[in-house]
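Data from model07.tsv: TSV, C-alpha atoms
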chain	number	residue	atom	x	y	z
A	1	GLY	CA	0.00	0.00	0.00
A	2	ALA	CA	0.92	3.64	-0.26
A	3	GLY	CA	0.96	4.32	3.47
A	4	VAL	CA	1.37	2.65	6.84
A	5	SER	CA	-1.55	0.38	7.53
A	6	GLN	CA	-2.70	-0.56	11.02
A	7	SER	CA	-5.36	-3.01	12.18
A	8	PRO	CA	-7.71	-3.19	13.85
A	9	SER	CA	-8.65	0.49	13.86
A	10	ASN	CA	-10.67	-0.08	17.02
A	11	LYS	CA	-10.49	-2.83	19.60
A	12	VAL	CA	-12.61	-3.22	22.71
A	13	THR	CA	-11.54	-5.94	25.11
A	14	GLU	CA	-12.13	-7.08	28.64
A	15	LYS	CA	-9.57	-6.66	31.37
A	16	GLY	CA	-7.23	-9.63	31.52
A	17	LYS	CA	-7.53	-10.57	27.84
A	18	ASP	CA	-4.63	-10.54	25.40
A	19	VAL	CA	-4.67	-8.32	22.29
A	20	GLU	CA	-2.63	-8.17	19.11
A	21	LEU	CA	-2.21	-5.03	17.04
A	22	ARG	CA	-0.80	-5.19	13.53
A	23	CYS	CA	1.28	-2.74	11.54
A	24	ASP	CA	2.12	-2.99	7.84
A	25	PRO	CA	4.83	-0.40	7.08
A	26	ILE	CA	5.58	1.36	3.82
A	27	SER	CA	7.36	-1.02	1.47
A	28	GLY	CA	11.12	-0.58	1.62
A	29	HIS	CA	11.15	1.22	4.95
A	30	THR	CA	13.68	-0.46	7.22
A	31	ALA	CA	12.79	1.37	10.44
A	32	LEU	CA	9.56	0.74	12.34
A	33	TYR	CA	8.36	2.36	15.56
A	34	TRP	CA	5.47	1.77	17.97
A	35	TYR	CA	4.09	4.62	20.07
A	36	ARG	CA	1.29	4.90	22.59
A	37	GLN	CA	-0.88	7.99	22.91
A	38	SER	CA	-3.23	8.24	25.85
A	39	LEU	CA	-6.17	10.63	25.69
A	40	GLY	CA	-4.95	14.21	25.49
A	41	GLN	CA	-1.33	13.18	25.97
A	42	GLY	CA	1.80	13.20	23.86
A	43	LEU	CA	3.30	10.23	22.05
A	44	GLU	CA	5.10	7.72	24.26
A	45	PHE	CA	7.84	5.65	22.58
A	46	LEU	CA	7.45	1.91	22.99
A	47	ILE	CA	9.80	0.00	20.68
A	48	TYR	CA	11.99	0.49	17.59
A	49	PHE	CA	12.98	-2.00	14.89
A	50	GLN	CA	15.75	-1.41	12.34
A	51	GLY	CA	16.29	-4.01	9.67
A	52	ASN	CA	17.52	-7.28	11.14
A	53	SER	CA	19.08	-5.67	14.21
A	54	ALA	CA	17.88	-6.41	17.73
A	55	PRO	CA	14.99	-4.07	18.55
A	56	ASP	CA	15.24	-1.23	21.05
A	57	LYS	CA	12.66	-2.21	23.67
A	58	SER	CA	13.55	0.51	26.14
A	59	GLY	CA	10.09	2.12	26.00
A	60	LEU	CA	7.97	-0.93	26.77
A	61	PRO	CA	6.16	-0.14	30.05
A	62	SER	CA	6.02	-3.70	31.39
A	63	ASP	CA	6.71	-7.31	30.48
A	64	ARG	CA	3.07	-7.64	29.41
A	65	PHE	CA	4.05	-5.74	26.27
A	66	SER	CA	6.00	-7.38	23.44
A	67	ALA	CA	6.45	-6.87	19.73
A	68	GLU	CA	7.74	-8.79	16.76
A	69	ARG	CA	8.68	-7.84	13.24
A	70	THR	CA	8.68	-10.74	10.83
A	71	GLY	CA	10.78	-10.70	7.68
A	72	GLY	CA	11.67	-7.08	8.23
A	73	SER	CA	8.15	-6.00	7.28
A	74	VAL	CA	4.91	-6.54	9.22
A	75	SER	CA	5.00	-5.95	12.95
A	76	THR	CA	2.71	-7.15	15.71
A	77	LEU	CA	2.40	-5.51	19.12
A	78	THR	CA	1.03	-7.87	21.76
A	79	ILE	CA	-0.38	-6.82	25.11
A	80	GLN	CA	-1.00	-9.66	27.54
A	81	ARG	CA	-3.45	-9.58	30.45
A	82	THR	CA	-4.68	-6.13	29.47
A	83	GLN	CA	-5.38	-3.55	32.15
A	84	GLN	CA	-7.64	-0.49	31.99
A	85	GLU	CA	-4.60	1.79	31.95
A	86	ASP	CA	-3.59	0.18	28.65
A	87	SER	CA	-6.49	2.00	26.98
A	88	ALA	CA	-4.95	4.33	24.42
A	89	VAL	CA	-4.26	4.80	20.73
A	90	TYR	CA	-1.32	2.72	19.54
A	91	LEU	CA	0.46	4.34	16.62
A	92	CYS	CA	2.91	2.69	14.28
A	93	ALA	CA	5.37	4.62	12.14
A	94	SER	CA	7.92	3.61	9.54
A	95	SER	CA	10.90	5.41	8.09
A	96	HIS	CA	13.19	4.85	5.13
A	97	SER	CA	16.04	4.82	7.62
A	98	GLY	CA	16.53	5.61	11.25
A	99	ALA	CA	16.33	9.36	12.04
A	100	GLY	CA	14.40	10.07	8.83
A	101	GLU	CA	10.86	11.38	8.50
A	102	LEU	CA	8.36	9.19	10.30
A	103	PHE	CA	5.26	8.12	8.39
A	104	PHE	CA	2.47	7.23	10.76
A	105	GLY	CA	-0.49	4.95	10.44
A	106	GLU	CA	-3.94	5.99	11.58
A	107	GLY	CA	-3.53	4.09	14.84
A	108	SER	CA	-5.35	1.35	16.68
A	109	ARG	CA	-7.66	2.59	19.42
A	110	LEU	CA	-7.68	0.12	22.31
A	111	THR	CA	-10.34	0.25	24.99
A	112	VAL	CA	-10.03	-2.07	27.97
A	113	LEU	CA	-13.25	-2.46	29.93
B	1	LYS	CA	18.18	13.93	29.47
B	2	ASN	CA	16.82	14.98	26.08
B	3	GLN	CA	13.65	17.02	26.42
B	4	VAL	CA	11.30	18.99	24.18
B	5	GLU	CA	8.96	21.56	25.70
B	6	GLN	CA	6.14	23.19	23.74
B	7	SER	CA	4.04	26.23	24.47
B	8	PRO	CA	1.30	27.10	24.72
B	9	GLN	CA	-0.37	23.81	25.63
B	10	SER	CA	-3.50	24.98	23.85
B	11	LEU	CA	-4.54	27.94	21.77
B	12	ILE	CA	-7.84	29.23	20.41
B	13	ILE	CA	-7.88	31.77	17.59
B	14	LEU	CA	-10.34	33.17	15.08
B	15	GLU	CA	-10.26	32.14	11.46
B	16	GLY	CA	-8.01	34.38	9.43
B	17	LYS	CA	-5.75	35.30	12.33
B	18	ASN	CA	-2.06	34.42	12.63
B	19	CYS	CA	-0.47	32.48	15.46
B	20	THR	CA	2.94	31.28	16.59
B	21	LEU	CA	3.73	28.06	18.43
B	22	GLN	CA	6.94	27.62	20.40
B	23	CYS	CA	9.32	24.71	20.93
B	24	ASN	CA	12.35	24.64	23.27
B	25	TYR	CA	14.65	21.64	23.32
B	26	THR	CA	17.65	20.32	25.19
B	27	VAL	CA	18.46	17.50	22.75
B	28	SER	CA	22.17	17.02	22.19
B	29	PRO	CA	23.92	16.65	19.84
B	30	PHE	CA	21.29	18.26	17.65
B	31	SER	CA	20.56	16.64	14.29
B	32	ASN	CA	17.23	17.97	13.07
B	33	LEU	CA	13.86	19.27	14.20
B	34	ARG	CA	10.52	18.45	12.63
B	35	TRP	CA	7.07	19.86	13.11
B	36	TYR	CA	4.20	17.40	12.73
B	37	LYS	CA	0.48	18.11	12.44
B	38	GLN	CA	-1.92	15.63	13.99
B	39	ASP	CA	-5.58	15.95	13.10
B	40	THR	CA	-8.05	14.48	15.57
B	41	GLY	CA	-8.22	10.72	15.20
B	42	ARG	CA	-5.38	10.60	12.68
B	43	GLY	CA	-1.66	9.89	12.75
B	44	PRO	CA	0.83	12.80	12.75
B	45	VAL	CA	2.03	14.12	9.40
B	46	SER	CA	5.33	15.96	8.88
B	47	LEU	CA	5.06	19.65	7.98
B	48	THR	CA	8.68	20.66	7.82
B	49	ILE	CA	12.21	19.67	8.82
B	50	MET	CA	14.89	22.04	10.09
B	51	THR	CA	18.58	21.19	10.17
B	52	PHE	CA	21.36	22.98	12.04
B	53	SER	CA	22.21	25.37	9.21
B	54	GLU	CA	18.63	26.40	8.44
B	55	ASN	CA	16.98	29.41	10.07
B	56	THR	CA	13.66	29.58	8.26
B	57	LYS	CA	11.62	27.25	6.12
B	58	SER	CA	8.14	27.71	4.70
B	59	ASN	CA	5.50	25.24	3.64
B	60	GLY	CA	2.53	27.19	2.31
B	61	ARG	CA	0.99	29.14	5.20
B	62	TYR	CA	3.33	27.43	7.69
B	63	THR	CA	6.73	28.96	8.46
B	64	ALA	CA	9.17	27.30	10.83
B	65	THR	CA	12.18	29.02	12.35
B	66	LEU	CA	15.15	27.59	14.20
B	67	ASP	CA	17.65	29.25	16.51
B	68	ALA	CA	20.25	26.58	17.22
B	69	ASP	CA	22.10	28.83	19.66
B	70	THR	CA	19.14	29.26	21.99
B	71	LYS	CA	17.71	25.84	21.08
B	72	GLN	CA	14.35	27.25	20.14
B	73	SER	CA	12.01	26.75	17.20
B	74	SER	CA	8.73	28.34	16.28
B	75	LEU	CA	5.94	27.47	13.89
B	76	HIS	CA	4.05	30.45	12.50
B	77	ILE	CA	0.67	29.92	10.86
B	78	THR	CA	-0.56	32.71	8.62
B	79	ALA	CA	-4.21	33.46	7.82
B	80	SER	CA	-5.48	30.48	9.79
B	81	GLN	CA	-8.18	28.23	8.40
B	82	LEU	CA	-10.64	25.94	10.14
B	83	SER	CA	-8.65	22.98	8.81
B	84	ASP	CA	-5.64	24.15	10.81
B	85	SER	CA	-7.39	22.94	13.96
B	86	ALA	CA	-5.10	20.14	15.13
B	87	SER	CA	-2.28	19.26	17.49
B	88	TYR	CA	1.16	20.48	16.41
B	89	ILE	CA	4.04	18.39	17.64
B	90	CYS	CA	7.71	19.37	17.76
B	91	VAL	CA	10.09	16.42	17.32
B	92	VAL	CA	13.86	16.68	17.75
B	93	SER	CA	16.40	14.08	16.66
B	94	ALA	CA	19.84	13.72	18.17
B	95	GLY	CA	22.88	12.76	16.16
B	96	GLY	CA	23.62	9.06	16.49
B	97	SER	CA	20.16	8.25	17.85
B	98	TYR	CA	17.32	6.71	15.91
B	99	ILE	CA	14.71	7.51	18.53
B	100	PRO	CA	13.52	11.13	18.28
B	101	THR	CA	12.26	13.10	21.26
B	102	PHE	CA	8.64	14.24	21.04
B	103	GLY	CA	7.08	17.30	22.60
B	104	ARG	CA	3.60	16.98	24.11
B	105	GLY	CA	2.14	19.15	21.36
B	106	THR	CA	0.12	22.35	21.14
B	107	SER	CA	-3.59	21.94	20.57
B	108	LEU	CA	-4.82	24.61	18.17
B	109	ILE	CA	-8.51	25.38	17.70
B	110	VAL	CA	-9.55	27.76	14.94
B	111	HIS	CA	-13.05	29.20	15.37
B	112	PRO	CA	-15.10	30.67	12.50

Final structure tokens representation of the file:
Amino acid sequence: GAGVSQSPSNKVTEKGKDVELRCDPISGHTALYWYRQSLGQGLEFLIYFQGNSAPDKSGLPSDRFSAERTGGSVSTLTIQRTQQEDSAVYLCASSHSGAGELFFGEGSRLTVL
Amino acid sequence: KNQVEQSPQSLIILEGKNCTLQCNYTVSPFSNLRWYKQDTGRGPVSLTIMTFSENTKSNGRYTATLDADTKQSSLHITASQLSDSASYICVVSAGGSYIPTFGRGTSLIVHP
């Protein structure tokens, strides 16, 4: 596709359930980022992938959060045993290279009841 | 610690008026600064990039300035339109780092 694609666009889940959020970056972009944006707040860095290098996981808030990037393309962010404070918009961005312009998807809005 | 501070936090103006948003940063070593526009319910979109040697850059009605000595940037919007209502985010990248530092954004509301 022409842009970064994220799915689902909206997800409502019950507390304690696991959720998976998907990101399909722009073709050819080697860098991929996940951010979290709580209501009315700024973007919070979660994790960064660059090519085949080990990801930078320094922003993950707890061990309930994990992410994979298969084949250097599609990425999945997994949140286990969701809590109400996990409710937020999860944004994915890709870049042609690290430190370049970030191209964001429309985000996945997660609501934990 | 790298930080980006934006002001004001929110701003309300009338259509057709001008406004200026501010960004102060302590990111070091400085590589570049970008302004992003985030419409409600959408992902941020880059408006402009400023590098160390650039003082001013325009993109239509948007003009960004950079003072690398004082570590300040501004985004000036001329003849505002209703579609300018959005959050404007200042993002600063450090040399050697692939993880940029985001400001919390300025929420702009343009009233008719």

Open item on the list: Which residues are near B:Phe102? Cut-off 9 Å, all atoms listed in the file, ignore same chain within fewer than 3 positions. Put them as a PyMOL selection string.
Closed with: (chain A and resi 42-45) or (chain B and resi 3-5+89-93+105)

- [ ] Give as a list of chain:residue names every residue of chain B that touches chain A within 6 Å, counting only C-alpha atoms.
- [x]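 Taking only C-alpha atoms into account, B:Arg42, B:Gly43, B:Tyr98, B:Arg104 sit within 6 Å of chain A.
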
Open item on the list: Would you pick out the contacts of stretch 24-36 of chain B at 9 Å or less, using all atoms listed in the file, so that residues sharing its chain but fewer than 5 positions from it are not included, and give the list as a ChimeraX atom specification?
Closed with: /A:99,101 /B:1-7,44-52,64,66,68,70-75,87-96,101,103

Task: Gap from atom CA of A:Ser58 to atom CA of A:Leu46 - Å, one decimal - done: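 Here the two named atoms are 7.0 Å from each other.
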
Open item on the list: Which residue is closest to B:Tyr62? Choose from B:Pro8, B:Gly41, B:Gly16, B:Ile77 and count all atoms listed in the file.
Closed with: B:Ile77

Open item on the list: Given the point (-7.2, -1.7, 32.9) in the file's coordinates, find the residues that have an atom at most 12 Å from it, counting all atoms listed in the file, and give them as an NGL selection string.
Closed with: :A and (12-18 or 79-88 or 110-113)

Task: Atom pair atom CA of A:Pro25 / atom CA of B:Ile99: separation (Å) - done: 17.1 Å

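For the atom pair formed by atom CA of B:Asn59 and atom CA of B:Ile13, the distance is 20.4 Å, given to one decimal.
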
Open item on the list: When you look at A:Ser75 with a cut-off of 6 Å (counting all atoms listed in the file), what residues show up, excluding the ones that are within fewer than 4 positions of it in the same chain? I need them as a list in words.
Closed with: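 Answer for this query is Arg22, Cys23, Glu68 and Arg69 of chain A.
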
Return stretch 39-56 of chain B, completed with N, CA, C and O atoms, as an mmCIF file, in the frame of the given file.
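Wrote result_24.cif, looks like this:
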data_model
loop_
_atom_site.group_PDB
_atom_site.id
_atom_site.type_symbol
_atom_site.label_atom_id
_atom_site.label_comp_id
_atom_site.auth_asym_id
_atom_site.auth_seq_id
_atom_site.Cartn_x
_atom_site.Cartn_y
_atom_site.Cartn_z
ATOM 1 N N ASP B 39 -4.143 15.716 13.066
ATOM 2 C CA ASP B 39 -5.580 15.950 13.100
ATOM 3 C C ASP B 39 -6.223 14.956 14.059
ATOM 4 O O ASP B 39 -5.696 13.855 14.283
ATOM 5 N N THR B 40 -7.363 15.326 14.607
ATOM 6 C CA THR B 40 -8.050 14.480 15.570
ATOM 7 C C THR B 40 -8.350 13.113 14.963
ATOM 8 O O THR B 40 -8.903 13.025 13.868
ATOM 9 N N GLY B 41 -7.939 12.064 15.662
ATOM 10 C CA GLY B 41 -8.220 10.720 15.200
ATOM 11 C C GLY B 41 -7.324 10.229 14.082
ATOM 12 O O GLY B 41 -7.580 9.167 13.504
ATOM 13 N N ARG B 42 -6.285 10.982 13.769
ATOM 14 C CA ARG B 42 -5.380 10.600 12.680
ATOM 15 C C ARG B 42 -3.949 10.484 13.214
ATOM 16 O O ARG B 42 -3.633 10.905 14.335
ATOM 17 N N GLY B 43 -3.067 9.921 12.385
ATOM 18 C CA GLY B 43 -1.660 9.890 12.750
ATOM 19 C C GLY B 43 -0.988 11.207 12.389
ATOM 20 O O GLY B 43 -1.451 11.935 11.525
ATOM 21 N N PRO B 44 0.117 11.545 13.077
ATOM 22 C CA PRO B 44 0.830 12.800 12.750
ATOM 23 C C PRO B 44 1.408 12.771 11.337
ATOM 24 O O PRO B 44 1.792 11.720 10.827
ATOM 25 N N VAL B 45 1.472 13.963 10.742
ATOM 26 C CA VAL B 45 2.030 14.120 9.400
ATOM 27 C C VAL B 45 3.074 15.227 9.450
ATOM 28 O O VAL B 45 2.837 16.291 10.024
ATOM 29 N N SER B 46 4.245 14.979 8.842
ATOM 30 C CA SER B 46 5.330 15.960 8.880
ATOM 31 C C SER B 46 4.984 17.198 8.075
ATOM 32 O O SER B 46 4.497 17.113 6.950
ATOM 33 N N LEU B 47 5.250 18.371 8.669
ATOM 34 C CA LEU B 47 5.060 19.650 7.980
ATOM 35 C C LEU B 47 6.368 20.178 7.420
ATOM 36 O O LEU B 47 6.427 20.684 6.303
ATOM 37 N N THR B 48 7.417 20.085 8.233
ATOM 38 C CA THR B 48 8.680 20.660 7.820
ATOM 39 C C THR B 48 9.814 20.070 8.653
ATOM 40 O O THR B 48 9.599 19.601 9.761
ATOM 41 N N ILE B 49 11.014 20.101 8.097
ATOM 42 C CA ILE B 49 12.210 19.670 8.820
ATOM 43 C C ILE B 49 13.212 20.823 8.824
ATOM 44 O O ILE B 49 13.361 21.527 7.824
ATOM 45 N N MET B 50 13.862 21.014 9.962
ATOM 46 C CA MET B 50 14.890 22.040 10.090
ATOM 47 C C MET B 50 16.193 21.361 10.497
ATOM 48 O O MET B 50 16.235 20.580 11.441
ATOM 49 N N THR B 51 17.255 21.666 9.791
ATOM 50 C CA THR B 51 18.580 21.190 10.170
ATOM 51 C C THR B 51 19.376 22.332 10.780
ATOM 52 O O THR B 51 18.927 23.488 10.759
ATOM 53 N N PHE B 52 20.572 22.019 11.265
ATOM 54 C CA PHE B 52 21.360 22.980 12.040
ATOM 55 C C PHE B 52 21.608 24.283 11.285
ATOM 56 O O PHE B 52 21.592 25.359 11.868
ATOM 57 N N SER B 53 21.812 24.192 9.984
ATOM 58 C CA SER B 53 22.210 25.370 9.210
ATOM 59 C C SER B 53 21.018 26.198 8.705
ATOM 60 O O SER B 53 21.209 27.250 8.105
ATOM 61 N N GLU B 54 19.808 25.716 8.957
ATOM 62 C CA GLU B 54 18.630 26.400 8.440
ATOM 63 C C GLU B 54 17.986 27.277 9.507
ATOM 64 O O GLU B 54 17.803 26.836 10.641
ATOM 65 N N ASN B 55 17.633 28.494 9.137
ATOM 66 C CA ASN B 55 16.980 29.410 10.070
ATOM 67 C C ASN B 55 15.478 29.492 9.856
ATOM 68 O O ASN B 55 14.724 29.640 10.811
ATOM 69 N N THR B 56 15.072 29.430 8.600
ATOM 70 C CA THR B 56 13.660 29.580 8.260
ATOM 71 C C THR B 56 13.309 28.660 7.108
ATOM 72 O O THR B 56 14.083 28.508 6.170
#
